[in-house]
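Visitor: Got my_file-v2.cif for you, mmCIF, C-alpha atoms:
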data_input
#
loop_
_atom_site.group_PDB
_atom_site.id
_atom_site.type_symbol
_atom_site.label_atom_id
_atom_site.label_comp_id
_atom_site.auth_asym_id
_atom_site.auth_seq_id
_atom_site.Cartn_x
_atom_site.Cartn_y
_atom_site.Cartn_z
ATOM 1 C CA MET F 1 -43.258 179.753 95.358
ATOM 2 C CA ASP F 2 -42.579 182.060 92.436
ATOM 3 C CA LEU F 3 -44.858 184.911 91.437
ATOM 4 C CA ASN F 4 -46.614 183.009 88.668
ATOM 5 C CA ALA F 5 -47.538 180.119 90.906
ATOM 6 C CA ALA F 6 -48.701 182.515 93.616
ATOM 7 C CA VAL F 7 -50.846 184.443 91.156
ATOM 8 C CA ASN F 8 -52.387 181.252 89.794
ATOM 9 C CA TRP F 9 -53.125 180.010 93.288
ATOM 10 C CA MET F 10 -54.713 183.340 94.255
ATOM 11 C CA SER F 11 -56.974 183.388 91.224
ATOM 12 C CA GLU F 12 -58.262 179.901 92.072
ATOM 13 C CA THR F 13 -59.223 180.621 95.675
ATOM 14 C CA ALA F 14 -62.865 180.772 96.701
ATOM 15 C CA LEU F 15 -62.319 184.373 97.781
ATOM 16 C CA SER F 16 -61.217 185.307 94.275
ATOM 17 C CA GLY F 17 -64.330 183.716 92.813
ATOM 18 C CA TRP F 18 -66.493 185.597 95.297
ATOM 19 C CA VAL F 19 -64.930 188.984 94.450
ATOM 20 C CA THR F 20 -65.441 188.570 90.721
ATOM 21 C CA GLY F 21 -68.676 186.601 91.025
ATOM 22 C CA SER F 22 -71.149 189.464 91.429
ATOM 23 C CA PRO F 23 -71.255 192.330 88.927
ATOM 24 C CA TRP F 24 -72.043 194.816 91.727
ATOM 25 C CA LEU F 25 -69.337 193.861 94.167
ATOM 26 C CA TRP F 26 -66.345 195.243 92.264
ATOM 27 C CA PRO F 27 -67.813 198.756 91.750
ATOM 28 C CA GLY F 28 -69.013 198.624 95.364
ATOM 29 C CA LEU F 29 -65.498 197.854 96.583
ATOM 30 C CA GLU F 30 -64.144 200.617 94.329
ATOM 31 C CA THR F 31 -66.555 203.089 95.910
ATOM 32 C CA LEU F 32 -65.350 202.060 99.380
ATOM 33 C CA HIS F 33 -61.729 202.294 98.202
ATOM 34 C CA PHE F 34 -62.287 205.877 96.971
ATOM 35 C CA PHE F 35 -64.110 206.763 100.185
ATOM 36 C CA GLY F 36 -61.308 205.258 102.282
ATOM 37 C CA LEU F 37 -58.765 207.237 100.255
ATOM 38 C CA SER F 38 -60.675 210.439 101.007
ATOM 39 C CA VAL F 39 -60.884 209.704 104.743
ATOM 40 C CA LEU F 40 -57.171 208.877 104.901
ATOM 41 C CA ILE F 41 -56.085 211.958 102.939
ATOM 42 C CA GLY F 42 -58.474 214.228 104.854
ATOM 43 C CA GLY F 43 -56.916 213.311 108.196
ATOM 44 C CA LEU F 44 -53.422 213.359 106.765
ATOM 45 C CA VAL F 45 -53.747 216.817 105.220
ATOM 46 C CA ILE F 46 -54.649 218.267 108.634
ATOM 47 C CA MET F 47 -51.798 216.388 110.393
ATOM 48 C CA ASP F 48 -49.070 216.991 107.867
ATOM 49 C CA LEU F 49 -49.833 220.647 107.210
ATOM 50 C CA ARG F 50 -49.521 221.267 110.961
ATOM 51 C CA VAL F 51 -46.216 219.367 111.078
ATOM 52 C CA MET F 52 -45.032 221.420 108.097
ATOM 53 C CA GLY F 53 -45.687 224.627 110.013
ATOM 54 C CA TYR F 54 -49.163 225.717 108.937
ATOM 55 C CA LYS F 55 -50.330 226.219 112.481
ATOM 56 C CA PHE F 56 -54.090 226.788 112.154
ATOM 57 C CA GLY F 57 -53.949 227.861 115.811
ATOM 58 C CA LEU F 58 -53.581 224.237 116.907
ATOM 59 C CA PRO F 59 -51.169 222.664 119.381
ATOM 60 C CA LEU F 60 -49.692 219.531 117.901
ATOM 61 C CA SER F 61 -50.897 217.305 120.718
ATOM 62 C CA VAL F 62 -54.410 218.109 119.540
ATOM 63 C CA VAL F 63 -53.673 217.268 115.935
ATOM 64 C CA TYR F 64 -52.751 213.743 117.005
ATOM 65 C CA ARG F 65 -56.368 213.142 117.853
ATOM 66 C CA ILE F 66 -57.135 213.072 114.152
ATOM 67 C CA MET F 67 -54.910 209.981 113.663
ATOM 68 C CA PRO F 68 -57.753 207.443 114.150
ATOM 69 C CA LEU F 69 -59.321 208.906 111.015
ATOM 70 C CA VAL F 70 -56.154 208.201 109.042
ATOM 71 C CA PHE F 71 -56.026 204.636 110.397
ATOM 72 C CA ALA F 72 -59.701 204.092 109.598
ATOM 73 C CA GLY F 73 -59.183 205.220 105.995
ATOM 74 C CA PHE F 74 -56.120 203.020 105.706
ATOM 75 C CA ALA F 75 -57.950 200.006 107.134
ATOM 76 C CA ILE F 76 -60.821 200.375 104.629
ATOM 77 C CA ASN F 77 -58.339 200.580 101.783
ATOM 78 C CA ALA F 78 -56.121 197.743 102.960
ATOM 79 C CA CYS F 79 -59.157 195.428 103.078
ATOM 80 C CA THR F 80 -60.724 196.507 99.785
ATOM 81 C CA GLY F 81 -57.297 196.646 98.104
ATOM 82 C CA PHE F 82 -56.542 193.093 99.254
ATOM 83 C CA LEU F 83 -59.845 191.936 97.727
ATOM 84 C CA PHE F 84 -58.998 193.607 94.381
ATOM 85 C CA VAL F 85 -55.662 191.793 94.240
ATOM 86 C CA MET F 86 -57.276 188.474 95.174
ATOM 87 C CA GLY F 87 -60.036 189.029 92.623
ATOM 88 C CA ASP F 88 -57.811 189.768 89.650
ATOM 89 C CA PRO F 89 -54.201 188.868 90.574
ATOM 90 C CA HIS F 90 -53.069 188.366 86.970
ATOM 91 C CA ARG F 91 -53.852 191.974 86.162
ATOM 92 C CA TYR F 92 -51.982 193.460 89.117
ATOM 93 C CA ALA F 93 -48.947 191.199 88.812
ATOM 94 C CA VAL F 94 -48.000 192.825 85.513
ATOM 95 C CA ASN F 95 -49.363 196.322 86.116
ATOM 96 C CA TYR F 96 -46.658 199.000 86.105
ATOM 97 C CA ALA F 97 -48.723 201.628 87.973
ATOM 98 C CA PHE F 98 -49.631 199.056 90.645
ATOM 99 C CA LYS F 99 -45.965 198.221 91.226
ATOM 100 C CA VAL F 100 -45.061 201.904 91.581
ATOM 101 C CA LYS F 101 -48.021 202.301 93.939
ATOM 102 C CA MET F 102 -46.763 199.474 96.165
ATOM 103 C CA VAL F 103 -43.255 200.956 96.293
ATOM 104 C CA LEU F 104 -44.688 204.371 97.224
ATOM 105 C CA LEU F 105 -46.892 202.704 99.843
ATOM 106 C CA LEU F 106 -43.816 201.067 101.374
ATOM 107 C CA CYS F 107 -41.969 204.405 101.416
ATOM 108 C CA ALA F 108 -44.978 206.142 102.981
ATOM 109 C CA GLY F 109 -45.141 203.410 105.630
ATOM 110 C CA LEU F 110 -41.424 203.747 106.459
ATOM 111 C CA ASN F 111 -41.821 207.531 106.601
ATOM 112 C CA ALA F 112 -44.713 207.120 109.047
ATOM 113 C CA LEU F 113 -42.672 204.739 111.209
ATOM 114 C CA TRP F 114 -39.763 207.173 111.253
ATOM 115 C CA PHE F 115 -42.176 209.916 112.260
ATOM 116 C CA SER F 116 -43.729 207.985 115.122
ATOM 117 C CA TRP F 117 -40.424 206.633 116.504
ATOM 118 C CA LYS F 118 -38.008 209.492 116.062
ATOM 119 C CA ILE F 119 -39.978 212.683 115.655
ATOM 120 C CA SER F 120 -43.274 212.540 117.487
ATOM 121 C CA PRO F 121 -41.613 212.049 120.944
ATOM 122 C CA GLN F 122 -39.952 215.445 120.463
ATOM 123 C CA MET F 123 -43.306 217.045 119.830
ATOM 124 C CA LYS F 124 -45.105 216.295 123.074
ATOM 125 C CA ASN F 125 -44.548 219.776 124.373
ATOM 126 C CA TRP F 126 -45.353 221.650 121.211
ATOM 127 C CA THR F 127 -47.751 224.520 121.753
ATOM 128 C CA GLU F 128 -49.848 226.469 119.268
ATOM 129 C CA ASP F 129 -46.823 228.481 118.182
ATOM 130 C CA THR F 130 -44.080 225.866 118.045
ATOM 131 C CA GLU F 131 -42.531 225.318 114.689
ATOM 132 C CA GLY F 132 -40.543 222.188 113.897
ATOM 133 C CA SER F 133 -37.016 221.973 112.542
ATOM 134 C CA ARG F 134 -36.413 221.676 108.835
ATOM 135 C CA SER F 135 -36.068 217.900 109.017
ATOM 136 C CA ILE F 136 -39.425 217.587 110.794
ATOM 137 C CA LYS F 137 -41.122 219.690 108.128
ATOM 138 C CA PHE F 138 -39.468 217.531 105.501
ATOM 139 C CA VAL F 139 -40.989 214.380 106.984
ATOM 140 C CA GLY F 140 -44.441 216.033 106.928
ATOM 141 C CA ALA F 141 -44.044 217.108 103.315
ATOM 142 C CA ALA F 142 -42.711 213.674 102.315
ATOM 143 C CA SER F 143 -45.760 212.062 103.899
ATOM 144 C CA LEU F 144 -48.177 214.190 101.882
ATOM 145 C CA ILE F 145 -46.280 213.745 98.620
ATOM 146 C CA LEU F 146 -45.938 209.969 99.072
ATOM 147 C CA TRP F 147 -49.599 209.429 99.955
ATOM 148 C CA PHE F 148 -50.824 211.563 97.066
ATOM 149 C CA GLY F 149 -48.446 209.534 94.901
ATOM 150 C CA VAL F 150 -50.069 206.337 96.176
ATOM 151 C CA GLY F 151 -53.520 207.693 95.306
ATOM 152 C CA ILE F 152 -52.529 208.938 91.859
ATOM 153 C CA HIS F 153 -50.798 205.685 90.913
ATOM 154 C CA GLY F 154 -53.847 203.785 92.086
ATOM 155 C CA ARG F 155 -55.911 205.847 89.679
ATOM 156 C CA LEU F 156 -53.398 205.159 86.912
ATOM 157 C CA ILE F 157 -53.743 201.366 87.269
ATOM 158 C CA THR F 158 -56.538 201.661 84.692
ATOM 159 C CA PHE F 159 -54.183 203.179 82.124
ATOM 160 C CA PHE F 160 -50.762 201.626 82.490
ATOM 161 C CA GLY F 161 -51.101 197.912 82.540
ATOM 162 C CA MET B 1 -77.448 219.144 72.559
ATOM 163 C CA VAL B 2 -75.985 220.862 69.514
ATOM 164 C CA LEU B 3 -73.734 222.834 71.821
ATOM 165 C CA LEU B 4 -72.635 219.650 73.630
ATOM 166 C CA GLN B 5 -71.857 217.982 70.317
ATOM 167 C CA TRP B 6 -69.896 221.014 69.197
ATOM 168 C CA LEU B 7 -67.945 220.920 72.472
ATOM 169 C CA GLU B 8 -67.142 217.257 71.867
ATOM 170 C CA GLY B 9 -65.521 218.222 68.588
ATOM 171 C CA THR B 10 -63.204 220.912 69.965
ATOM 172 C CA ARG B 11 -59.454 220.427 69.946
ATOM 173 C CA PHE B 12 -59.459 220.432 73.757
ATOM 174 C CA SER B 13 -61.914 217.519 73.891
ATOM 175 C CA ASP B 14 -59.828 215.696 71.351
ATOM 176 C CA TRP B 15 -56.719 216.260 73.449
ATOM 177 C CA VAL B 16 -58.368 214.941 76.646
ATOM 178 C CA LEU B 17 -59.648 211.850 74.900
ATOM 179 C CA THR B 18 -56.823 210.837 72.595
ATOM 180 C CA SER B 19 -53.553 212.205 73.976
ATOM 181 C CA MET B 20 -51.388 210.039 76.215
ATOM 182 C CA ILE B 21 -51.694 212.291 79.240
ATOM 183 C CA GLY B 22 -55.028 214.099 78.850
ATOM 184 C CA PHE B 23 -57.451 211.585 80.337
ATOM 185 C CA PRO B 24 -55.130 210.058 82.997
ATOM 186 C CA LEU B 25 -54.070 213.563 84.104
ATOM 187 C CA MET B 26 -57.642 214.823 84.475
ATOM 188 C CA LEU B 27 -58.760 211.654 86.287
ATOM 189 C CA SER B 28 -55.786 211.893 88.667
ATOM 190 C CA LEU B 29 -56.586 215.533 89.432
ATOM 191 C CA HIS B 30 -60.206 214.531 89.963
ATOM 192 C CA ALA B 31 -59.125 211.867 92.498
ATOM 193 C CA VAL B 32 -56.775 214.290 94.308
ATOM 194 C CA GLY B 33 -59.462 216.984 94.542
ATOM 195 C CA MET B 34 -61.954 214.385 95.761
ATOM 196 C CA ALA B 35 -59.623 213.139 98.483
ATOM 197 C CA ILE B 36 -58.943 216.680 99.735
ATOM 198 C CA SER B 37 -62.515 217.974 99.662
ATOM 199 C CA VAL B 38 -64.444 214.867 100.737
ATOM 200 C CA GLY B 39 -61.756 213.848 103.238
ATOM 201 C CA LEU B 40 -61.781 217.197 105.010
ATOM 202 C CA LEU B 41 -65.586 217.341 104.888
ATOM 203 C CA ILE B 42 -65.770 213.931 106.580
ATOM 204 C CA ALA B 43 -63.426 215.209 109.314
ATOM 205 C CA LEU B 44 -65.537 218.365 109.677
ATOM 206 C CA ASN B 45 -68.812 216.465 109.833
ATOM 207 C CA LEU B 46 -67.474 213.956 112.352
ATOM 208 C CA ARG B 47 -66.366 216.904 114.487
ATOM 209 C CA LEU B 48 -69.881 218.328 114.267
ATOM 210 C CA LEU B 49 -71.175 214.927 115.387
ATOM 211 C CA GLY B 50 -68.971 215.057 118.471
ATOM 212 C CA LEU B 51 -65.702 213.304 117.568
ATOM 213 C CA PHE B 52 -62.233 214.922 117.925
ATOM 214 C CA ARG B 53 -63.661 217.264 120.536
ATOM 215 C CA VAL B 54 -60.335 218.923 121.302
ATOM 216 C CA ILE B 55 -60.294 220.461 117.833
ATOM 217 C CA SER B 56 -61.763 223.967 117.886
ATOM 218 C CA TRP B 57 -64.627 225.175 115.709
ATOM 219 C CA SER B 58 -62.517 228.031 114.386
ATOM 220 C CA PHE B 59 -59.978 225.486 113.157
ATOM 221 C CA MET B 60 -62.691 223.614 111.313
ATOM 222 C CA LEU B 61 -63.779 226.857 109.714
ATOM 223 C CA ARG B 62 -60.262 227.357 108.377
ATOM 224 C CA VAL B 63 -60.170 223.827 107.058
ATOM 225 C CA LEU B 64 -63.175 224.705 104.897
ATOM 226 C CA GLY B 65 -60.899 226.941 102.825
ATOM 227 C CA LEU B 66 -59.058 223.830 101.666
ATOM 228 C CA VAL B 67 -62.372 222.117 100.945
ATOM 229 C CA TRP B 68 -63.271 224.847 98.440
ATOM 230 C CA LEU B 69 -59.835 224.465 96.869
ATOM 231 C CA GLY B 70 -60.437 220.727 96.388
ATOM 232 C CA LEU B 71 -63.894 221.374 94.972
ATOM 233 C CA CYS B 72 -62.454 223.897 92.482
ATOM 234 C CA VAL B 73 -59.883 221.348 91.304
ATOM 235 C CA ASN B 74 -62.708 218.874 90.808
ATOM 236 C CA PHE B 75 -64.960 221.325 89.032
ATOM 237 C CA LEU B 76 -62.222 222.148 86.507
ATOM 238 C CA SER B 77 -61.023 218.568 85.990
ATOM 239 C CA GLY B 78 -64.673 217.480 85.902
ATOM 240 C CA VAL B 79 -65.446 219.935 83.095
ATOM 241 C CA ALA B 80 -62.417 218.628 81.197
ATOM 242 C CA LEU B 81 -63.682 215.051 81.581
ATOM 243 C CA PHE B 82 -67.244 216.043 80.666
ATOM 244 C CA LEU B 83 -66.594 217.985 77.459
ATOM 245 C CA PRO B 84 -65.444 215.087 75.260
ATOM 246 C CA ARG B 85 -68.554 213.047 76.147
ATOM 247 C CA GLY B 86 -71.092 215.659 77.176
ATOM 248 C CA ALA B 87 -73.980 214.514 74.971
ATOM 249 C CA GLU B 88 -73.646 210.977 76.357
ATOM 250 C CA TYR B 89 -73.193 212.026 79.988
ATOM 251 C CA VAL B 90 -76.268 214.283 80.212
ATOM 252 C CA ARG B 91 -78.408 211.193 79.590
ATOM 253 C CA ASP B 92 -76.451 208.958 81.961
ATOM 254 C CA PRO B 93 -78.438 208.272 85.172
ATOM 255 C CA ALA B 94 -75.242 207.870 87.220
ATOM 256 C CA PHE B 95 -73.939 211.237 85.996
ATOM 257 C CA ILE B 96 -77.258 213.019 86.632
ATOM 258 C CA THR B 97 -77.412 211.524 90.146
ATOM 259 C CA LYS B 98 -73.847 212.641 90.798
ATOM 260 C CA ILE B 99 -74.516 216.250 89.754
ATOM 261 C CA LEU B 100 -77.688 216.392 91.872
ATOM 262 C CA LEU B 101 -75.844 215.018 94.905
ATOM 263 C CA ILE B 102 -73.031 217.555 94.423
ATOM 264 C CA CYS B 103 -75.590 220.401 94.376
ATOM 265 C CA ILE B 104 -77.115 219.099 97.621
ATOM 266 C CA GLY B 105 -73.693 218.511 99.189
ATOM 267 C CA VAL B 106 -72.400 221.987 98.324
ATOM 268 C CA SER B 107 -75.623 223.593 99.625
ATOM 269 C CA ILE B 108 -75.319 221.740 102.944
ATOM 270 C CA THR B 109 -71.646 222.734 103.168
ATOM 271 C CA CYS B 110 -72.527 226.417 102.604
ATOM 272 C CA TYR B 111 -75.202 226.173 105.300
ATOM 273 C CA LEU B 112 -72.830 224.482 107.763
ATOM 274 C CA ARG B 113 -70.144 227.075 107.012
ATOM 275 C CA LYS B 114 -72.589 229.851 107.804
ATOM 276 C CA MET B 115 -73.673 228.158 111.029
ATOM 277 C CA LEU B 116 -70.036 227.558 112.060
ATOM 278 C CA ALA B 117 -69.153 231.166 111.329
ATOM 279 C CA CYS B 118 -71.988 232.849 113.227
ATOM 280 C CA GLN B 119 -73.280 230.353 115.787
ATOM 281 C CA SER B 120 -70.472 228.043 116.859
ATOM 282 C CA GLU B 121 -69.381 230.355 119.672
ATOM 283 C CA SER B 122 -72.541 229.487 121.536
ATOM 284 C CA TRP B 123 -72.113 225.715 121.012
ATOM 285 C CA ASN B 124 -70.677 223.652 123.800
ATOM 286 C CA VAL B 125 -67.053 223.002 122.855
ATOM 287 C CA ASN B 126 -66.963 219.682 124.642
ATOM 288 C CA ARG B 127 -69.932 218.298 122.831
ATOM 289 C CA GLY B 128 -71.054 218.103 119.249
ATOM 290 C CA ALA B 129 -73.174 220.686 117.514
ATOM 291 C CA PRO B 130 -76.953 221.153 118.073
ATOM 292 C CA LEU B 131 -79.273 218.444 116.819
ATOM 293 C CA GLN B 132 -80.293 220.025 113.530
ATOM 294 C CA ILE B 133 -76.638 220.662 112.664
ATOM 295 C CA ARG B 134 -75.785 217.046 113.461
ATOM 296 C CA PHE B 135 -78.599 215.937 111.218
ATOM 297 C CA CYS B 136 -77.091 218.002 108.377
ATOM 298 C CA ALA B 137 -73.686 216.467 109.109
ATOM 299 C CA VAL B 138 -75.049 212.931 108.739
ATOM 300 C CA ILE B 139 -76.819 213.865 105.493
ATOM 301 C CA SER B 140 -73.618 215.509 104.258
ATOM 302 C CA ILE B 141 -71.542 212.349 104.837
ATOM 303 C CA LEU B 142 -74.160 210.215 103.064
ATOM 304 C CA VAL B 143 -74.429 212.660 100.160
ATOM 305 C CA TRP B 144 -70.649 212.747 99.580
ATOM 306 C CA PHE B 145 -70.453 208.961 99.802
ATOM 307 C CA GLY B 146 -73.249 208.814 97.241
ATOM 308 C CA THR B 147 -71.380 211.284 95.030
ATOM 309 C CA ILE B 148 -68.328 209.025 95.010
ATOM 310 C CA MET B 149 -70.496 205.992 94.305
ATOM 311 C CA SER B 150 -72.426 207.541 91.423
ATOM 312 C CA GLY B 151 -69.197 208.978 90.022
ATOM 313 C CA ARG B 152 -67.650 205.523 90.078
ATOM 314 C CA LEU B 153 -70.715 204.047 88.405
ATOM 315 C CA ILE B 154 -70.388 206.413 85.421
ATOM 316 C CA ALA B 155 -67.620 204.071 84.276
ATOM 317 C CA TYR B 156 -69.996 201.104 84.381
ATOM 318 C CA VAL B 157 -73.255 202.433 82.953
ATOM 319 C CA GLY B 158 -74.393 200.284 80.094
ATOM 320 C CA SER B 159 -72.391 197.314 81.298
ATOM 321 C CA PHE B 160 -75.042 195.941 83.633
#
Please rewrite the model in this file as structure tokens.
Guide:
Amino acid sequence: MDLNAAVNWMSETALSGWVTGSPWLWPGLETLHFFGLSVLIGGLVIMDLRVMGYKFGLPLSVVYRIMPLVFAGFAINACTGFLFVMGDPHRYAVNYAFKVKMVLLLCAGLNALWFSWKISPQMKNWTEDTEGSRSIKFVGAASLILWFGVGIHGRLITFFG
Amino acid sequence: MVLLQWLEGTRFSDWVLTSMIGFPLMLSLHAVGMAISVGLLIALNLRLLGLFRVISWSFMLRVLGLVWLGLCVNFLSGVALFLPRGAEYVRDPAFITKILLICIGVSITCYLRKMLACQSESWNVNRGAPLQIRFCAVISILVWFGTIMSGRLIAYVGSF
């Protein structure tokens, strides 16, 4: 199925009609999407700054406890984001900022996988004063930059379509 | 009103509204500042409510520094977004609601900061904060959610 056919099919689903059917639903979903973004970034800022070496007096094992917050924010935004795309697939299929956002999202996801497979096992014994190697700090910085990029390009969907 | 109309006519307002980058840049900054300040405040308030118990109060106090940074970014980008349309915005119910909620939210944050700074040593580390502090934390989360909602609705006012 090519993109055009997929987009046409999506716009004809009952779900698509539901998303665009009520005038209040779209702004409501947008509010949740912004809130989810905040929750995700809030948790991530704490995590990544610690990985980058801003210690805040915290052992890294403790910082991991904030991860559920990041996942919660991501879950809210994955659901609401999916509904946006279902609701108005024609718009997103041609939107330049949306495409960049999806690429950045993929990169951020790969970066997170790399972190959890290759780097976090090394960190189990980190204490309050441990500082990571340069490559570990790089992964933390990349995470922040990529996720802020995702957020900014989401905001730009309004302007570059 | 005359002042607001004069501000709308300044070269800066014109730049924000008509240049390629003015409006998208300010809106992006506004979203970044929102994510930093509201995100960290949610984490802080959830900690006050008893989640993430291993994270110390003193750490949360340090995190507040970043919250103020985010709020500053949003104040400045917010002013830039307000100036070109000030006369319209001051009559917009969504905008007025948003400003009121921000005043409440910032006041609660100042109060919680003060409580964290001078009382948290006596709080049980393994539990949440005392009841009245938890109450403020719940209100704070609701107020910031409401701020985001009313801010979002500014784009829609008149279209319902």
Visitor: Once the PyMOL selection byres ((chain B and resi 46) around 12) is applied to the coordinates I shared, what remains selected? I want it as a count of residues only.
Guide: 34
Visitor: Near chain F, which residues of chain B fall within 6 Å when you count only C-alpha atoms, and what do they look like as a ChimeraX atom specification?
Guide: /B:28,35-36,38-40,149
Visitor: Just how far from atom CA of F:Leu105 is atom CA of B:Ile154, in Å to one decimal?
Guide: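 The value is 27.8 Å.
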Visitor: In Å, with one decimal, what is the gap from atom CA of B:Gly151 to atom CA of B:Ile99?
Guide: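 Those two atoms sit 9.0 Å apart.
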Visitor: With all atoms listed in the file as the basis for distance, which of B:Leu76, B:Leu3, B:Leu81, B:Val54 is at the shortest distance from B:Val16?
Guide: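 Result for the nearest residue to B:Val16: B:Leu81.
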Visitor: With the PyMOL selection byres ((chain B and resi 144) around 8) as the selection, what would be picked from this file? Answer as a list in words, please.
Guide: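 Evaluating the PyMOL selection byres ((chain B and resi 144) around 8) on these coordinates yields Val38, Leu101, Ile102, Gly105, Ser140, Ile141, Leu142, Val143, Phe145, Gly146, Thr147 and Ile148 of chain B.
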Visitor: I'd like the interatomic distance between atom CA of B:Ile108 and atom CA of B:Pro130, to a tenth of an Å.
Guide: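 These two atoms are separated by 15.2 Å.
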Visitor: Counting all atoms listed in the file, what is within 10 Å of F:Ala93, bar same-chain residues fewer than 3 positions away, as a PyMOL selection string?
Guide: chain F and resi 3-4+6-7+85+88-90+96+98-99+161
Visitor: Run the PyMOL selection byres ((chain B and resi 78) around 12) against the file shown and list the residues it catches, as a PyMOL selection string.
Guide: chain B and resi 16+23+25-34+70-77+79-86+89+95+98-99+102+151
Visitor: Name the closest residue to F:Leu25 among the candidates F:Leu83, F:Ala97, F:Ile76, F:Met123; distances are taken between atoms, counting all atoms listed in the file.
Guide: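 The closest residue to F:Leu25 is F:Leu83.
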Visitor: Smallest atom-to-atom distance to B:Arg113: which of B:Thr18, B:Gly9, B:Phe59, B:Pro24, using all atoms listed in the file?
Guide: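 Looking only at the distances to B:Arg113, the closest residue turns out to be B:Phe59.
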Visitor: Taking only C-alpha atoms into account, which of F:Val51, F:Gly21, F:Ala5, F:Val103 comes nearest F:Thr127?
Guide: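 For F:Thr127, the nearest of the given residues is F:Val51.
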Visitor: Pick from F:Gly87, F:Gly81, F:Gly53, F:Gly132: nearest to F:Met102, with all atoms listed in the file counted?
Guide: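 Smallest separation from F:Met102 among the options: F:Gly81.
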Visitor: Using all atoms listed in the file for the distances, tell me which of B:Leu66, B:Ala87, B:Cys103, B:Ala117 is nearest to B:Trp6.
Guide: B:Ala87
Visitor: For B:Leu116, find every residue with an atom within 7 Å (counting all atoms listed in the file), except residues of its own chain fewer than 4 positions away, and show them as number ranges by chain.
Guide: B: 57, 61, 112, 120
